[in-house]
file protein10.csv (CSV, C-alpha atoms)
chain,number,residue,atom,x,y,z
D,1,MET,CA,98.8,153.5,246.3
D,2,PRO,CA,96.0,155.4,248.0
D,3,GLU,CA,92.7,155.8,246.1
D,4,PRO,CA,92.8,159.1,244.2
D,5,VAL,CA,90.5,161.8,245.6
D,6,LEU,CA,87.7,162.2,243.1
D,7,ILE,CA,86.2,165.6,243.1
D,8,GLN,CA,83.9,166.8,240.3
D,9,PRO,CA,86.1,168.8,238.0
D,10,ARG,CA,84.0,171.7,236.7
D,11,ILE,CA,81.6,173.4,239.1
D,12,PRO,CA,83.3,176.0,241.2
D,13,ILE,CA,83.4,175.4,245.0
D,14,LYS,CA,80.9,177.8,246.5
D,15,LYS,CA,78.2,177.8,249.1
D,16,TYR,CA,75.2,176.6,247.1
D,17,LEU,CA,71.7,177.1,248.5
D,18,LEU,CA,68.8,175.2,247.0
D,19,GLY,CA,65.5,177.1,247.6
D,20,SER,CA,63.2,174.2,247.1
D,21,ALA,CA,61.2,171.8,249.3
D,22,SER,CA,61.0,169.2,246.5
D,23,PRO,CA,62.8,166.0,247.5
D,24,ARG,CA,63.2,165.3,243.8
D,25,ARG,CA,65.1,168.5,243.2
D,26,GLN,CA,67.3,167.8,246.3
D,27,GLN,CA,68.1,164.3,244.9
D,28,LEU,CA,68.9,165.7,241.4
D,29,LEU,CA,71.1,168.5,242.6
D,30,GLY,CA,73.0,165.9,244.8
D,31,GLY,CA,73.7,164.0,241.6
D,32,LEU,CA,76.0,166.7,240.4
D,33,ASP,CA,78.4,165.7,243.3
D,34,ILE,CA,78.3,169.2,244.9
D,35,SER,CA,77.4,170.0,248.4
D,36,PHE,CA,74.5,172.4,249.1
D,37,GLU,CA,72.1,173.5,251.8
D,38,VAL,CA,68.4,173.5,251.4
D,39,VAL,CA,66.8,176.8,252.4
D,40,LYS,CA,63.2,177.7,252.9
D,41,ILE,CA,61.6,180.4,250.8
D,42,SER,CA,58.0,181.4,251.2
D,43,THR,CA,56.2,182.9,248.2
D,44,GLU,CA,52.8,182.6,246.8
D,45,GLU,CA,52.9,180.9,243.4
D,46,ILE,CA,50.9,183.7,241.7
D,47,TYR,CA,51.8,185.3,238.4
D,48,PRO,CA,50.2,188.0,236.1
D,49,ASN,CA,47.3,186.8,234.0
D,50,ASP,CA,48.8,188.2,230.8
D,51,LEU,CA,52.1,186.1,231.0
D,52,PHE,CA,52.6,183.7,228.1
D,53,PRO,CA,52.4,180.2,229.5
D,54,GLU,CA,56.0,179.5,228.6
D,55,ASP,CA,57.1,182.4,230.7
D,56,VAL,CA,55.3,181.4,233.9
D,57,ALA,CA,58.1,179.0,235.2
D,58,THR,CA,60.9,181.5,234.9
D,59,PHE,CA,58.7,184.2,236.4
D,60,LEU,CA,58.0,182.0,239.4
D,61,ALA,CA,61.7,180.9,239.7
D,62,LYS,CA,62.8,184.5,239.8
D,63,LYS,CA,60.0,185.4,242.2
D,64,LYS,CA,61.2,182.7,244.6
D,65,SER,CA,64.8,183.9,244.3
D,66,ASP,CA,63.9,187.5,244.9
D,67,ALA,CA,62.0,186.6,248.1
D,68,PHE,CA,65.2,185.3,249.7
D,69,ARG,CA,67.6,187.5,251.7
D,70,ASP,CA,70.7,189.2,250.4
D,71,LEU,CA,73.5,186.8,249.6
D,72,ARG,CA,77.0,186.7,250.9
D,73,GLU,CA,79.9,186.8,248.5
D,74,ASP,CA,80.5,183.0,248.3
D,75,GLU,CA,76.8,182.1,248.2
D,76,VAL,CA,74.8,181.0,245.1
D,77,LEU,CA,71.1,180.5,245.4
D,78,ILE,CA,69.3,178.1,243.1
D,79,THR,CA,65.5,178.3,242.7
D,80,ALA,CA,63.2,176.6,240.2
D,81,ASP,CA,59.6,176.2,239.2
D,82,THR,CA,58.0,173.5,237.0
D,83,ILE,CA,54.7,173.8,235.2
D,84,VAL,CA,52.9,171.7,232.7
D,85,ILE,CA,51.4,173.3,229.5
D,86,LEU,CA,48.6,171.5,227.7
D,87,GLY,CA,47.5,173.5,224.7
D,88,GLU,CA,47.0,177.0,226.1
D,89,GLU,CA,46.4,175.8,229.6
D,90,VAL,CA,48.9,176.0,232.4
D,91,LEU,CA,48.5,173.0,234.9
D,92,GLU,CA,50.0,173.7,238.3
D,93,LYS,CA,49.5,171.6,241.4
D,94,PRO,CA,46.0,170.2,241.9
D,95,VAL,CA,43.9,171.5,244.7
D,96,ASP,CA,42.2,168.1,245.5
D,97,PHE,CA,41.4,164.6,244.3
D,98,ASP,CA,38.9,165.7,241.7
D,99,ASP,CA,41.2,168.3,240.3
D,100,ALA,CA,44.0,165.8,240.0
D,101,VAL,CA,41.6,163.4,238.2
D,102,ARG,CA,40.6,166.2,235.8
D,103,MET,CA,44.3,167.1,235.0
D,104,VAL,CA,45.4,163.5,234.4
D,105,THR,CA,42.3,162.8,232.3
D,106,GLU,CA,43.3,165.9,230.2
D,107,LEU,CA,46.9,164.6,229.8
D,108,SER,CA,45.7,161.1,228.9
D,109,GLY,CA,46.3,160.3,225.1
D,110,ASN,CA,47.9,163.7,224.5
D,111,LYS,CA,51.2,165.5,224.2
D,112,HIS,CA,52.0,168.1,226.8
D,113,THR,CA,55.0,170.3,227.5
D,114,VAL,CA,56.8,170.5,230.8
D,115,VAL,CA,58.7,173.8,231.4
D,116,THR,CA,61.1,174.2,234.2
D,117,GLY,CA,62.4,177.7,235.0
D,118,VAL,CA,65.6,178.1,236.9
D,119,CYS,CA,67.1,181.2,238.6
D,120,LEU,CA,70.7,181.4,239.8
D,121,ARG,CA,71.6,184.3,242.0
D,122,SER,CA,74.8,185.5,243.6
D,123,SER,CA,75.6,188.7,245.5
D,124,ASN,CA,76.1,190.5,242.3
D,125,ASN,CA,74.5,188.5,239.5
D,126,GLN,CA,71.3,186.8,238.5
D,127,LEU,CA,70.7,184.4,235.6
D,128,VAL,CA,67.3,183.1,234.6
D,129,PHE,CA,66.6,180.4,232.0
D,130,ASN,CA,64.1,177.7,231.2
D,131,GLU,CA,63.9,174.4,229.4
D,132,LYS,CA,61.0,172.6,227.7
D,133,THR,CA,60.4,168.9,227.3
D,134,ASP,CA,57.6,167.3,225.4
D,135,VAL,CA,55.9,164.3,227.0
D,136,PHE,CA,53.5,161.9,225.2
D,137,PHE,CA,51.0,160.0,227.3
D,138,ARG,CA,49.1,156.9,226.1
D,139,HIS,CA,45.4,156.8,226.8
D,140,LEU,CA,44.6,155.9,230.4
D,141,ASP,CA,41.4,154.4,231.6
D,142,GLU,CA,39.5,155.9,234.5
D,143,ASP,CA,40.4,153.1,236.9
D,144,GLU,CA,44.1,153.5,236.1
D,145,ILE,CA,43.8,157.3,236.8
D,146,ARG,CA,42.0,156.8,240.1
D,147,TYR,CA,44.4,154.1,241.2
D,148,TYR,CA,47.4,156.4,240.5
D,149,ILE,CA,45.9,159.4,242.3
D,150,SER,CA,44.6,157.4,245.2
D,151,LYS,CA,47.8,155.6,245.8
D,152,TYR,CA,50.5,158.2,244.9
D,153,LYS,CA,48.7,161.4,246.0
D,154,PRO,CA,50.5,163.7,243.5
D,155,TYR,CA,49.2,166.8,245.2
D,156,ASP,CA,52.7,168.5,245.3
D,157,LYS,CA,53.3,168.0,241.6
D,158,ALA,CA,52.5,170.2,238.6
D,159,GLY,CA,50.0,168.5,236.3
D,160,SER,CA,49.2,166.0,239.1
D,161,TYR,CA,51.8,163.4,238.1
D,162,GLY,CA,55.4,162.3,238.9
D,163,VAL,CA,57.4,161.0,235.9
D,164,GLN,CA,59.4,158.8,238.3
D,165,GLU,CA,56.3,157.0,239.6
D,166,TRP,CA,53.9,154.3,238.5
D,167,ILE,CA,52.1,156.6,236.0
D,168,GLY,CA,55.4,157.5,234.4
D,169,TYR,CA,56.5,153.9,234.1
D,170,THR,CA,53.2,152.7,232.7
D,171,SER,CA,51.9,155.6,230.6
D,172,ILE,CA,54.6,157.7,229.1
D,173,LYS,CA,55.1,156.5,225.5
D,174,ARG,CA,57.7,158.9,224.5
D,175,LEU,CA,59.6,161.9,225.7
D,176,GLU,CA,61.5,164.5,223.7
D,177,GLY,CA,64.1,166.6,225.5
D,178,CYS,CA,65.6,166.4,229.0
D,179,TYR,CA,64.0,163.8,231.3
D,180,TYR,CA,65.2,165.4,234.5
D,181,ASN,CA,63.5,168.6,233.4
D,182,VAL,CA,60.2,166.8,233.9
D,183,MET,CA,61.3,165.7,237.4
D,184,GLY,CA,62.0,169.3,238.3
D,185,LEU,CA,65.5,170.5,237.1
D,186,PRO,CA,67.0,170.7,233.6
D,187,MET,CA,70.2,169.0,234.7
D,188,GLN,CA,72.5,169.3,231.7
D,189,SER,CA,71.6,173.0,231.3
D,190,LEU,CA,71.9,173.6,235.0
D,191,TYR,CA,75.3,171.9,235.1
D,192,LYS,CA,76.6,174.1,232.3
D,193,ALA,CA,75.1,177.2,234.0
D,194,LEU,CA,76.7,176.4,237.4
D,195,CYS,CA,80.1,175.8,235.7
D,196,GLU,CA,80.1,179.3,234.3
D,197,PHE,CA,78.1,181.3,236.8
D,198,GLN,CA,80.0,184.0,238.8
K,1,MET,CA,35.9,154.4,256.7
K,2,PRO,CA,38.9,152.1,256.2
K,3,GLU,CA,41.5,153.1,253.6
K,4,PRO,CA,40.6,151.3,250.3
K,5,VAL,CA,42.9,148.5,249.3
K,6,LEU,CA,44.8,149.8,246.3
K,7,ILE,CA,45.9,147.1,243.9
K,8,GLN,CA,47.2,147.9,240.5
K,9,PRO,CA,44.3,147.3,238.2
K,10,ARG,CA,45.6,145.8,235.0
K,11,ILE,CA,48.5,143.3,235.2
K,12,PRO,CA,47.2,139.7,235.9
K,13,ILE,CA,48.3,138.2,239.2
K,14,LYS,CA,50.9,135.6,238.4
K,15,LYS,CA,54.2,134.4,239.6
K,16,TYR,CA,56.6,136.8,237.9
K,17,LEU,CA,60.3,135.9,237.6
K,18,LEU,CA,62.8,138.5,236.6
K,19,GLY,CA,65.9,136.9,235.1
K,20,SER,CA,68.3,139.9,235.6
K,21,ALA,CA,71.0,140.7,238.1
K,22,SER,CA,70.6,144.5,237.3
K,23,PRO,CA,69.5,146.5,240.4
K,24,ARG,CA,68.1,149.0,237.9
K,25,ARG,CA,65.8,146.5,236.3
K,26,GLN,CA,64.7,145.2,239.7
K,27,GLN,CA,63.9,148.8,240.8
K,28,LEU,CA,62.0,149.5,237.6
K,29,LEU,CA,59.9,146.3,237.6
K,30,GLY,CA,59.0,147.1,241.3
K,31,GLY,CA,57.6,150.4,240.1
K,32,LEU,CA,54.8,148.5,238.3
K,33,ASP,CA,53.4,147.6,241.7
K,34,ILE,CA,53.6,143.9,241.1
K,35,SER,CA,55.5,141.3,243.1
K,36,PHE,CA,58.2,139.2,241.5
K,37,GLU,CA,61.1,137.0,242.3
K,38,VAL,CA,64.6,137.6,240.9
K,39,VAL,CA,66.1,134.4,239.4
K,40,LYS,CA,69.7,133.7,238.3
K,41,ILE,CA,70.3,132.8,234.7
K,42,SER,CA,73.8,132.0,233.4
K,43,THR,CA,74.5,132.6,229.7
K,44,GLU,CA,77.3,134.0,227.7
K,45,GLU,CA,76.3,137.2,226.0
K,46,ILE,CA,77.5,136.0,222.6
K,47,TYR,CA,75.6,136.5,219.4
K,48,PRO,CA,76.2,135.7,215.7
K,49,ASN,CA,78.4,138.1,213.8
K,50,ASP,CA,75.9,138.5,211.0
K,51,LEU,CA,73.1,139.8,213.2
K,52,PHE,CA,72.0,143.4,212.4
K,53,PRO,CA,72.9,145.6,215.4
K,54,GLU,CA,69.2,146.3,216.2
K,55,ASP,CA,68.5,142.6,216.5
K,56,VAL,CA,71.3,141.9,219.1
K,57,ALA,CA,69.3,142.9,222.2
K,58,THR,CA,66.2,140.7,221.3
K,59,PHE,CA,68.5,137.8,220.4
K,60,LEU,CA,70.2,138.0,223.8
K,61,ALA,CA,67.0,138.5,225.8
K,62,LYS,CA,65.6,135.4,224.1
K,63,LYS,CA,68.8,133.5,224.7
K,64,LYS,CA,68.6,134.3,228.5
K,65,SER,CA,65.0,133.2,228.6
K,66,ASP,CA,65.8,129.9,226.8
K,67,ALA,CA,68.6,129.1,229.2
K,68,PHE,CA,66.2,129.0,232.2
K,69,ARG,CA,64.3,125.9,233.2
K,70,ASP,CA,60.7,124.9,232.1
K,71,LEU,CA,58.0,127.1,233.7
K,72,ARG,CA,55.1,126.1,235.8
K,73,GLU,CA,51.6,127.1,234.6
K,74,ASP,CA,51.3,130.3,236.7
K,75,GLU,CA,54.9,131.5,236.1
K,76,VAL,CA,56.0,134.3,233.7
K,77,LEU,CA,59.7,134.8,233.1
K,78,ILE,CA,60.9,138.3,232.1
K,79,THR,CA,64.4,138.7,230.6
K,80,ALA,CA,66.0,141.7,228.9
K,81,ASP,CA,69.2,142.9,227.3
K,82,THR,CA,70.3,146.4,226.6
K,83,ILE,CA,72.9,147.5,224.1
K,84,VAL,CA,74.1,150.8,222.7
K,85,ILE,CA,74.5,151.4,219.0
K,86,LEU,CA,76.8,154.1,217.7
K,87,GLY,CA,76.8,154.2,213.9
K,88,GLU,CA,77.3,150.6,213.0
K,89,GLU,CA,79.1,149.6,216.2
K,90,VAL,CA,77.4,147.8,219.0
K,91,LEU,CA,78.8,148.9,222.4
K,92,GLU,CA,78.3,146.4,225.2
K,93,LYS,CA,79.8,146.3,228.7
K,94,PRO,CA,83.4,147.6,228.8
K,95,VAL,CA,86.2,145.2,229.6
K,96,ASP,CA,88.3,147.6,231.6
K,97,PHE,CA,89.0,151.3,232.4
K,98,ASP,CA,90.6,152.1,229.1
K,99,ASP,CA,87.8,150.4,227.2
K,100,ALA,CA,85.2,152.5,229.2
K,101,VAL,CA,87.2,155.7,228.4
K,102,ARG,CA,87.2,154.7,224.7
K,103,MET,CA,83.4,154.1,224.7
K,104,VAL,CA,82.5,157.3,226.4
K,105,THR,CA,84.9,159.3,224.3
K,106,GLU,CA,83.1,157.9,221.2
K,107,LEU,CA,79.7,158.8,222.7
K,108,SER,CA,80.8,162.4,223.5
K,109,GLY,CA,79.3,165.0,221.2
K,110,ASN,CA,77.3,162.3,219.3
K,111,LYS,CA,73.8,160.8,219.1
K,112,HIS,CA,73.5,157.1,219.9
K,113,THR,CA,70.7,154.6,220.1
K,114,VAL,CA,69.9,152.5,223.0
K,115,VAL,CA,68.0,149.2,222.2
K,116,THR,CA,66.5,147.1,225.0
K,117,GLY,CA,65.2,143.7,224.0
K,118,VAL,CA,62.6,142.0,226.2
K,119,CYS,CA,61.4,138.4,226.3
K,120,LEU,CA,58.3,137.2,228.2
K,121,ARG,CA,57.9,133.5,228.5
K,122,SER,CA,55.1,131.4,230.1
K,123,SER,CA,54.7,127.6,230.1
K,124,ASN,CA,53.1,127.8,226.6
K,125,ASN,CA,54.0,131.1,225.1
K,126,GLN,CA,56.9,133.4,224.3
K,127,LEU,CA,56.9,137.1,223.3
K,128,VAL,CA,60.0,139.0,222.1
K,129,PHE,CA,60.1,142.7,221.4
K,130,ASN,CA,62.5,145.6,221.5
K,131,GLU,CA,62.4,149.4,221.9
K,132,LYS,CA,64.8,152.1,220.7
K,133,THR,CA,65.6,155.4,222.3
K,134,ASP,CA,67.9,158.1,220.8
K,135,VAL,CA,70.3,159.8,223.2
K,136,PHE,CA,72.2,163.0,222.5
K,137,PHE,CA,75.4,163.6,224.5
K,138,ARG,CA,77.1,167.0,224.7
K,139,HIS,CA,80.9,167.1,224.2
K,140,LEU,CA,82.7,165.9,227.3
K,141,ASP,CA,86.3,166.8,228.1
K,142,GLU,CA,88.8,164.1,229.0
K,143,ASP,CA,88.9,165.0,232.7
K,144,GLU,CA,85.1,164.7,232.9
K,145,ILE,CA,85.2,161.3,231.3
K,146,ARG,CA,88.0,160.1,233.6
K,147,TYR,CA,86.2,161.5,236.6
K,148,TYR,CA,83.0,159.7,235.7
K,149,ILE,CA,84.6,156.3,235.1
K,150,SER,CA,86.9,156.5,238.1
K,151,LYS,CA,84.2,157.4,240.5
K,152,TYR,CA,81.2,155.5,239.1
K,153,LYS,CA,82.9,152.4,237.6
K,154,PRO,CA,80.2,151.7,234.9
K,155,TYR,CA,81.6,148.2,234.2
K,156,ASP,CA,78.2,146.5,234.3
K,157,LYS,CA,76.7,149.0,231.9
K,158,ALA,CA,76.3,148.8,228.1
K,159,GLY,CA,78.2,151.7,226.5
K,160,SER,CA,79.9,152.4,229.9
K,161,TYR,CA,77.4,154.8,231.2
K,162,GLY,CA,74.4,155.0,233.5
K,163,VAL,CA,71.7,157.5,232.5
K,164,GLN,CA,70.7,157.9,236.1
K,165,GLU,CA,74.2,158.8,237.3
K,166,TRP,CA,76.4,162.0,237.2
K,167,ILE,CA,77.1,161.6,233.5
K,168,GLY,CA,73.4,161.4,232.7
K,169,TYR,CA,72.7,164.5,234.7
K,170,THR,CA,75.5,166.5,233.3
K,171,SER,CA,75.9,165.4,229.8
K,172,ILE,CA,72.7,164.2,228.1
K,173,LYS,CA,71.3,167.2,226.2
K,174,ARG,CA,68.3,165.5,224.8
K,175,LEU,CA,66.5,162.1,224.7
K,176,GLU,CA,63.9,160.9,222.2
K,177,GLY,CA,61.8,157.9,223.2
K,178,CYS,CA,61.4,156.0,226.5
K,179,TYR,CA,63.8,157.2,229.2
K,180,TYR,CA,63.4,153.9,231.2
K,181,ASN,CA,64.5,152.0,228.1
K,182,VAL,CA,67.9,153.5,228.5
K,183,MET,CA,68.0,152.4,232.2
K,184,GLY,CA,67.2,148.8,231.1
K,185,LEU,CA,63.5,148.2,230.6
K,186,PRO,CA,61.0,149.9,228.1
K,187,MET,CA,58.5,150.4,230.9
K,188,GLN,CA,55.4,151.5,229.0
K,189,SER,CA,55.7,148.8,226.4
K,190,LEU,CA,56.5,146.2,229.1
K,191,TYR,CA,53.4,147.3,231.0
K,192,LYS,CA,51.2,146.8,228.0
K,193,ALA,CA,52.8,143.5,227.2
K,194,LEU,CA,52.4,142.2,230.7
K,195,CYS,CA,48.7,143.3,230.8
K,196,GLU,CA,48.0,141.1,227.7
K,197,PHE,CA,50.5,138.3,228.0
K,198,GLN,CA,49.0,134.8,228.6
call {"tool": "encode", "arguments": {"input": "protein10.csv", "output": "structure tokens"}}
result
Amino acid sequence: MPEPVLIQPRIPIKKYLLGSASPRRQQLLGGLDISFEVVKISTEEIYPNDLFPEDVATFLAKKKSDAFRDLREDEVLITADTIVILGEEVLEKPVDFDDAVRMVTELSGNKHTVVTGVCLRSSNNQLVFNEKTDVFFRHLDEDEIRYYISKYKPYDKAGSYGVQEWIGYTSIKRLEGCYYNVMGLPMQSLYKALCEFQ
Amino acid sequence: MPEPVLIQPRIPIKKYLLGSASPRRQQLLGGLDISFEVVKISTEEIYPNDLFPEDVATFLAKKKSDAFRDLREDEVLITADTIVILGEEVLEKPVDFDDAVRMVTELSGNKHTVVTGVCLRSSNNQLVFNEKTDVFFRHLDEDEIRYYISKYKPYDKAGSYGVQEWIGYTSIKRLEGCYYNVMGLPMQSLYKALCEFQ
């Protein structure tokens, strides 16, 4: 008997476009067993000063989506943005080594919240949502922080850390919520949204 | 100026031996930036009937450790065992397709607890500890369960699922604790234990 063809049973077959340069998002989306194309979107990650911190990620996900061209009938564009909130402060990508040291030093010994905003867009529809995950770091010593930043160069990462790197292995005591949301996409919510999105 | 040599700053340099065939554990331990050798240990994963479910993983981690040869002075052996607890039931590896379907059907829509037991052993010392992580699955339909098991064949995994596979992406609503513990090693606790273990 031939091996049965195993096709994921729920997400409609469409032309999915991922508007993200993040290799982590590309890897995660591939894990849903759908095919998609990575597209380039250029926007400045700037947002109004008076936004609530928890609204920044959805604002930027929608801004990226809106910066892309009109979509054909069978296309669905997926964009996302991830930020780190510590107290009232929004931590985005660090500008240099010292800025990365400053951010990780602030995260050390504290709880922070990772928010990923997602925007799905088709030719006639747009859906925006976000998800929050709480992350608890142990105290890190200065030599550990400098080792991580020197070796892993987390300059493309909100909050200056990658949960799937040495610092995530050695220093995250506890996580509450969706792990993949911290990596860059809230996978379970995204799966459900893609199943239903028209 | 030459690039500085970047060596992880905390874990003592010793000859680490990982007594696990799991590619996931090998990948995770490598993420601590230490070198180690994988060694083969043969034991039957059998435990006394009267053990409390939360003690099974440490019992088996220690049993694996004790089944290995005597250690030289510079060697440290790392063994581990991961189980899934649903209510009072311990879910280990499934015996076949139907058993895997039964397990995932039980996990569907419920919270379960993943316990990983770890044993560190040197020539004159042994440390045993465990860590628990709560995992919340959404409801899965039968075709989703059959798709996952047919395609991913989770026969080497406690509870018949891999958190880092399609089912983890699409179906885990929430996690409370250490994510890597669900993959097979409680990384932050292991890191701290390795830093201090003599």
call {"tool": "atom_distance", "arguments": {"input": "protein10.csv", "atom1": "atom CA of D:Asn130", "atom2": "atom CA of D:Gly168"}}
result
22.2 Å
call {"tool": "atom_distance", "arguments": {"input": "protein10.csv", "atom1": "atom CA of K:Phe136", "atom2": "atom CA of D:Glu165"}}
result
24.1 Å
call {"tool": "interface_residues", "arguments": {"input": "protein10.csv", "of": "chain D", "to": "chain K", "cutoff": "7 Å", "atoms": "only C-alpha atoms", "output": "ChimeraX atom specification"}}
result
/D:6,8-9,31-32,144,147,151,165-166,169-179,187-188,191
call {"tool": "residues_around", "arguments": {"input": "protein10.csv", "residues": "D:Leu91", "least_positions_apart": "4", "cutoff": "8 Å", "atoms": "all atoms listed in the file", "output": "VMD selection string"}}
result
chain D and resid 83 to 86 103 158 to 159
call {"tool": "closest_residue", "arguments": {"input": "protein10.csv", "among": "K:Pro48, K:Gly19, K:Pro53, K:Gly184", "to": "K:Asp66", "atoms": "only C-alpha atoms"}}
result
K:Gly19
call {"tool": "closest_residue", "arguments": {"input": "protein10.csv", "among": "D:Lys132, D:Glu106, D:Phe197, D:Asn124", "to": "D:Glu73", "atoms": "only C-alpha atoms"}}
result
D:Asn124
call {"tool": "residues_around", "arguments": {"input": "protein10.csv", "residues": "K:Ile13", "least_positions_apart": "3", "cutoff": "9 Å", "atoms": "all atoms listed in the file", "output": "MDAnalysis selection string"}}
result
chainID K and resid 16 34:35 74
call {"tool": "atom_distance", "arguments": {"input": "protein10.csv", "atom1": "atom CA of K:Glu142", "atom2": "atom CA of K:Thr105"}}
result
7.8 Å
call {"tool": "closest_residue", "arguments": {"input": "protein10.csv", "among": "D:Glu196, D:Asp81, D:Glu75, D:Glu88", "to": "D:Cys119", "atoms": "only C-alpha atoms"}}
result
D:Asp81
call {"tool": "closest_residue", "arguments": {"input": "protein10.csv", "among": "D:Glu89, D:Asp55, D:Asp98, D:Asp70", "to": "D:Lys153", "atoms": "all atoms listed in the file"}}
result
D:Asp98
call {"tool": "closest_residue", "arguments": {"input": "protein10.csv", "among": "D:Ile149, D:Cys195, D:Val39, D:Leu18", "to": "D:Pro94", "atoms": "all atoms listed in the file"}}
result
D:Ile149
call {"tool": "decode", "arguments": {"input": "protein10.csv", "residues": "stretch 178-192 of chain D", "atoms": "N, CA and C atoms", "output": "tab-separated table (two decimals), in the first residue's frame"}}
result
chain	number	residue	atom	x	y	z
D	178	CYS	N	2.64	31.72	25.62
D	178	CYS	CA	3.11	31.01	24.44
D	178	CYS	C	4.61	31.25	24.25
D	179	TYR	N	5.38	30.18	24.27
D	179	TYR	CA	6.85	30.29	24.07
D	179	TYR	C	7.17	30.89	22.71
D	180	TYR	N	6.49	30.43	21.67
D	180	TYR	CA	6.82	30.86	20.31
D	180	TYR	C	6.53	32.34	20.08
D	181	ASN	N	5.62	32.87	20.89
D	181	ASN	CA	5.36	34.30	20.86
D	181	ASN	C	6.63	35.10	21.18
D	182	VAL	N	7.44	34.56	22.08
D	182	VAL	CA	8.70	35.22	22.45
D	182	VAL	C	9.71	35.13	21.30
D	183	MET	N	9.65	34.03	20.55
D	183	MET	CA	10.51	33.88	19.37
D	183	MET	C	10.09	34.79	18.22
D	184	GLY	N	8.80	35.18	18.20
D	184	GLY	CA	8.39	36.10	17.15
D	184	GLY	C	7.03	35.87	16.51
D	185	LEU	N	6.38	34.73	16.79
D	185	LEU	CA	5.03	34.51	16.28
D	185	LEU	C	4.22	33.72	17.33
D	186	PRO	N	3.01	34.19	17.64
D	186	PRO	CA	2.15	33.45	18.58
D	186	PRO	C	1.49	32.28	17.84
D	187	MET	N	2.17	31.14	17.82
D	187	MET	CA	1.84	30.11	16.84
D	187	MET	C	0.43	29.55	16.96
D	188	GLN	N	-0.01	29.24	18.19
D	188	GLN	CA	-1.32	28.63	18.30
D	188	GLN	C	-2.41	29.61	17.86
D	189	SER	N	-2.29	30.87	18.26
D	189	SER	CA	-3.27	31.89	17.84
D	189	SER	C	-3.20	32.11	16.33
D	190	LEU	N	-1.98	32.13	15.81
D	190	LEU	CA	-1.81	32.34	14.37
D	190	LEU	C	-2.44	31.20	13.58
D	191	TYR	N	-2.21	29.97	14.06
D	191	TYR	CA	-2.80	28.79	13.41
D	191	TYR	C	-4.33	28.93	13.34
D	192	LYS	N	-4.94	29.26	14.47
D	192	LYS	CA	-6.39	29.39	14.50
D	192	LYS	C	-6.87	30.51	13.58
